[in-house]
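This report concerns only the one structure given below.
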Amino acid sequence: MRSRSRYRIAAVLSGALLALSAGASRADDAVEAAGGLRLEHDALLQLIHESGRLYPALGGGTSRRGGAELRLDLRLKCEGGACDGSRAVLKPRFWLGDESKPDALPSQLPEPLMEGYAIVPVGRGEIGAGKRLMGWGPSMLYSPTNRLFPDNGAVTPRREIAGKPMAFASLPLSERGRLNLLAANPNLDPVPGVRASDGLFMLARGEWNWTDQPAATAGAVLAGGGGFQPYVGGYAQYGLDDAWTLSGEFAASRGYARRDATGPWLAQDDARWRWDGTLGLRYGLASGAEIGLELIYNGYAMTPEEWANPLRAAAPSSGSKPSHNRPLHPFAQQRYALLQTTWPKLFGDRRWGLTARWQQGLDRPSSDAFVELSFSPGDAATVYLGVSRSRVTDDLKQTRALPRNAYLALEIHF
């Protein structure tokens, strides 16, 4: 185990926050009078302490993270003149705290700039550039068609996913459809045996939406590069009625990532066609609560020999942790069942909330459970308690770097 500490002091957090709020208020008055510019801003202070139990193969002991994080979200919009419809987004983060973990696990500390990009309208479409997080598809846990950001944000609710440098465009296909294009630096962590720096990640995605009853969405994706093999995929979502929704998403490629000769061979990168996908059914209640069941198939599953390598097996998320921008499939086994539920008004009270997830491996006896309970004593503050636990057989233990994990967080909105 190696301990790492990082301290980012951007004045005093509260002082910085007050200065931002005052400056933004003055900016609102000045720019609106000057030509239709409007500055919107949100600020959140998160205090968190997280601790996880490591398996002996990764050094034993615990992995810890704790501190204070100031999240600023700034949006500058032009509502008139030559720049009408243009907008810019900036999401800086200031962190004060420390982290203790083995070198084999990626850092969980936030990046100084999570997102920062600008968008300009062009006719009925728009183009933009900068560091941005982009997601799509109906899958609840991860998106098979989005290898640039396979995690959809539901895996770890108290941790943000950083954007990646890219140029992007959204163009009309029809009254119901749009074509989305992007070229991005995938910013992948190096993995021996994978050509992670192999050019740009390129993607073309068409999506069509029908808002009339029944509501439906369909999409098609062609992408690859930047360490990933070219792949094709698609997704669809169909509203059976006001409560039930059926969805599916899949992708296929000839191997997952691009191999080189410097590292060990991985079964998922073998040059043959494989696919992964999800099939889901969700039920929404009038209170805003939702219950979903999803079946997951992973044609890029690891071999038993790869399960036994702690440096390999700990890299995928296994459905309990983010994939951390590594060119590896986020699941180790081939078949899973996922049961997930959210209750924003637990006990009929909007002050209480609950998110729970149970993922069961169907090939081998394994389970991953996550529960987060929240309570808001007021409109501006929320307390979160999250606990996760994995149970696996002895031969799969290497695939769970943190079989037990818990955090306590306080978020204050300004």
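Chains: A, B, ... in order of the structure tokens. Residues: from 1 per chain. Ligands: from 1, in order shown.
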Using only C-alpha atoms, which residues sit within 7 Å of A:Ala267 once same-chain residues fewer than 3 positions away are excluded, as a PDB file with C-alpha atoms, in the first residue's frame?
```
ATOM      1  CA  ASP A 270      -8.532 -11.231 -29.964  1.00  0.00           C
ATOM      2  CA  MET A 302     -12.244 -12.506 -19.237  1.00  0.00           C
ATOM      3  CA  THR A 303     -10.713 -15.968 -19.089  1.00  0.00           C
TER       4      THR A 303
END
```
Which residues come within 8 Å of stretch 119-129 of chain A, counting only C-alpha atoms, excluding same-chain residues fewer than 4 positions away, as a VMD selection string? chain A and resid 83 85 to 88 165 to 172
With N, CA and C atoms retained, could you export that selection as a compact mmCIF listing (two decimals), in the first residue's frame?
```txt
# COMPACT_ATOMS: atom_id res chain seq x y z
N CYS A 83 -24.28 36.71 -31.83
CA CYS A 83 -23.94 35.46 -31.14
C CYS A 83 -25.17 34.74 -30.59
N GLY A 85 -27.86 32.40 -29.42
CA GLY A 85 -27.90 30.95 -29.34
C GLY A 85 -26.59 30.30 -28.95
N SER A 86 -25.50 31.05 -28.95
CA SER A 86 -24.21 30.51 -28.53
C SER A 86 -24.17 30.37 -27.01
N ARG A 87 -23.38 29.43 -26.53
CA ARG A 87 -23.24 29.25 -25.09
C ARG A 87 -21.89 28.62 -24.76
N ALA A 88 -21.44 28.89 -23.55
CA ALA A 88 -20.18 28.33 -23.05
C ALA A 88 -20.42 27.76 -21.67
N PRO A 165 -11.33 16.04 -24.18
CA PRO A 165 -11.21 17.04 -25.25
C PRO A 165 -11.79 16.51 -26.55
N MET A 166 -12.62 17.31 -27.20
CA MET A 166 -13.28 16.87 -28.42
C MET A 166 -13.79 18.05 -29.23
N ALA A 167 -14.05 17.77 -30.51
CA ALA A 167 -14.84 18.65 -31.37
C ALA A 167 -16.10 17.88 -31.74
N PHE A 168 -17.24 18.55 -31.78
CA PHE A 168 -18.50 17.84 -31.97
C PHE A 168 -19.48 18.69 -32.76
N ALA A 169 -20.48 18.01 -33.34
CA ALA A 169 -21.51 18.69 -34.12
C ALA A 169 -22.80 17.92 -34.00
N SER A 170 -23.91 18.64 -34.07
CA SER A 170 -25.25 18.06 -34.09
C SER A 170 -26.01 18.67 -35.24
N LEU A 171 -26.45 17.82 -36.18
CA LEU A 171 -27.08 18.28 -37.41
C LEU A 171 -28.43 17.61 -37.59
N PRO A 172 -29.41 18.31 -38.16
CA PRO A 172 -30.73 17.71 -38.35
C PRO A 172 -30.73 16.67 -39.47
```
Give me, as number ranges by chain, the residues of stretch 27-261 of chain A that a backbone DSSP run labels alpha helix (DSSP H). A: 27-35
Print the selection's residues with N, CA and C atoms to a file, as a PDB file, in the first residue's frame.
```pdb
ATOM      1  N   ALA A  27     -21.813  40.482 -12.938  1.00  0.00           N
ATOM      2  CA  ALA A  27     -21.676  40.168 -14.358  1.00  0.00           C
ATOM      3  C   ALA A  27     -23.041  40.067 -15.027  1.00  0.00           C
ATOM      4  N   ASP A  28     -24.016  39.480 -14.325  1.00  0.00           N
ATOM      5  CA  ASP A  28     -25.370  39.361 -14.878  1.00  0.00           C
ATOM      6  C   ASP A  28     -25.903  40.726 -15.272  1.00  0.00           C
ATOM      7  N   ASP A  29     -25.801  41.703 -14.350  1.00  0.00           N
ATOM      8  CA  ASP A  29     -26.352  43.029 -14.608  1.00  0.00           C
ATOM      9  C   ASP A  29     -25.619  43.712 -15.758  1.00  0.00           C
ATOM     10  N   ALA A  30     -24.274  43.552 -15.794  1.00  0.00           N
ATOM     11  CA  ALA A  30     -23.482  44.279 -16.779  1.00  0.00           C
ATOM     12  C   ALA A  30     -23.672  43.719 -18.177  1.00  0.00           C
ATOM     13  N   VAL A  31     -23.560  42.425 -18.338  1.00  0.00           N
ATOM     14  CA  VAL A  31     -23.586  41.870 -19.683  1.00  0.00           C
ATOM     15  C   VAL A  31     -24.978  41.881 -20.279  1.00  0.00           C
ATOM     16  N   GLU A  32     -26.011  41.731 -19.475  1.00  0.00           N
ATOM     17  CA  GLU A  32     -27.354  41.768 -20.030  1.00  0.00           C
ATOM     18  C   GLU A  32     -27.650  43.144 -20.611  1.00  0.00           C
ATOM     19  N   ALA A  33     -27.166  44.190 -19.936  1.00  0.00           N
ATOM     20  CA  ALA A  33     -27.377  45.542 -20.437  1.00  0.00           C
ATOM     21  C   ALA A  33     -26.530  45.796 -21.683  1.00  0.00           C
ATOM     22  N   ALA A  34     -25.382  45.059 -21.814  1.00  0.00           N
ATOM     23  CA  ALA A  34     -24.464  45.322 -22.914  1.00  0.00           C
ATOM     24  C   ALA A  34     -24.866  44.609 -24.198  1.00  0.00           C
ATOM     25  N   GLY A  35     -25.695  43.583 -24.161  1.00  0.00           N
ATOM     26  CA  GLY A  35     -26.028  42.937 -25.430  1.00  0.00           C
ATOM     27  C   GLY A  35     -26.614  41.555 -25.330  1.00  0.00           C
TER      28      GLY A  35
END
```
Looking at A:Lys131, A:His329, A:Arg205, A:Arg53, which one is nearest to A:Leu181, with distances taken over only C-alpha atoms? A:Arg205
Using only C-alpha atoms, which residues sit within 9 Å of A:Asn146 once same-chain residues fewer than 6 positions away are excluded, as JSON, numbers by chain? {"A": [134, 135, 136, 137, 221, 223, 251]}
Residues of stretch 222-387 of chain A in strand (DSSP E or B), written as a ChimeraX atom specification: /A:222-225,228-239,244-254,257,259,273-284,290-298,335-343,352-361,366-378,381-387
Excluding A:Leu54 and its own-chain neighbours fewer than 6 positions away, which residues fall within 12 Å of it when counting only C-alpha atoms? Please give them as a PyMOL selection string. chain A and resi 1+60-64+100-102+104-105+310+314+389-390+397-405
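When only C-alpha atoms are used to compute distances to A:Gly193, the closest of the residues A:Gly227, A:Gly81, A:Gly97, A:Pro110 turns out to be A:Gly227.
The protein and nucleic acid residues lying at most 9 Å from A:Leu74 are Leu39, Glu40, His41, Asp42, Ala43, Ala88, Val89, Leu90, Lys91 and Pro92 of chain A, with only C-alpha atoms considered and sequence neighbours fewer than 5 positions away removed.
In this comparison, which uses only C-alpha atoms, the residue of A:Asp368, A:Glu99, A:Asp212, A:Asp260 approaching A:Tyr238 most closely is A:Asp212.
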Where does stretch 55-148 of chain A meet stretch 293-296 of chain A within 10 Å, residue by residue, with the nearest atom pair and distance in Å to one decimal for each, counting only C-alpha atoms, listed by chain and rising number, as a Markdown table?
```
| residue | atom | partner | partner_atom | distance |
| --- | --- | --- | --- | --- |
| A:Ser139 | CA | A:Glu294 | CA | 8.0 |
| A:Met140 | CA | A:Glu294 | CA | 7.7 |
| A:Leu141 | CA | A:Glu294 | CA | 9.0 |
| A:Tyr142 | CA | A:Ile296 | CA | 9.6 |
| A:Pro144 | CA | A:Ile296 | CA | 9.9 |
```
Any chance you can output those residues with N, CA and C atoms as a PDB file, in the first residue's frame?
```
ATOM      1  N   SER A 139     -29.510   2.200 -21.380  1.00  0.00           N
ATOM      2  CA  SER A 139     -29.016   1.243 -20.393  1.00  0.00           C
ATOM      3  C   SER A 139     -28.809   1.905 -19.038  1.00  0.00           C
ATOM      4  N   MET A 140     -29.080   1.162 -17.965  1.00  0.00           N
ATOM      5  CA  MET A 140     -29.079   1.739 -16.621  1.00  0.00           C
ATOM      6  C   MET A 140     -27.689   1.834 -16.011  1.00  0.00           C
ATOM      7  N   LEU A 141     -26.796   0.899 -16.316  1.00  0.00           N
ATOM      8  CA  LEU A 141     -25.506   0.833 -15.631  1.00  0.00           C
ATOM      9  C   LEU A 141     -24.349   1.268 -16.502  1.00  0.00           C
ATOM     10  N   TYR A 142     -24.306   0.781 -17.720  1.00  0.00           N
ATOM     11  CA  TYR A 142     -23.242   1.184 -18.647  1.00  0.00           C
ATOM     12  C   TYR A 142     -23.802   1.160 -20.058  1.00  0.00           C
ATOM     13  N   PRO A 144     -23.214   0.154 -23.870  1.00  0.00           N
ATOM     14  CA  PRO A 144     -22.395  -0.609 -24.817  1.00  0.00           C
ATOM     15  C   PRO A 144     -21.966   0.190 -26.040  1.00  0.00           C
TER      16      PRO A 144
END
```
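Take atom CA of A:Ala406 and atom CA of A:His49: the distance between them is 8.5 Å.
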Mind checking which residues fall within 10 Å of A:Leu47, counting only C-alpha atoms, ignoring those fewer than 2 positions away in the same chain, and posting them as a ChimeraX atom specification? /A:44-45,49,66-70,96-97,383,408-412
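Coordinates place atom CA of A:Ala289 at a distance of 22.0 Å from atom CA of A:Arg159.
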For each of A:Thr145, A:Thr341, A:Asn325, A:Ser247, take the minimum atom-to-atom distance to A:Val191, counting only C-alpha atoms, then give the residue where this is smallest. A:Asn325
So that I can check the surroundings of A:Gln268, please list as a ChimeraX atom specification every protein, DNA and RNA residue that reaches within 12 Å of it, counting only C-alpha atoms and ignoring chain neighbours fewer than 5 positions away. /A:193-194,228-229,252-259,273-276,298-303,306,312,327-334
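Using only C-alpha atoms, the nearest neighbour of A:Arg147 within the list A:Gly263, A:Gly284, A:Gly163, A:Pro186 is A:Pro186.
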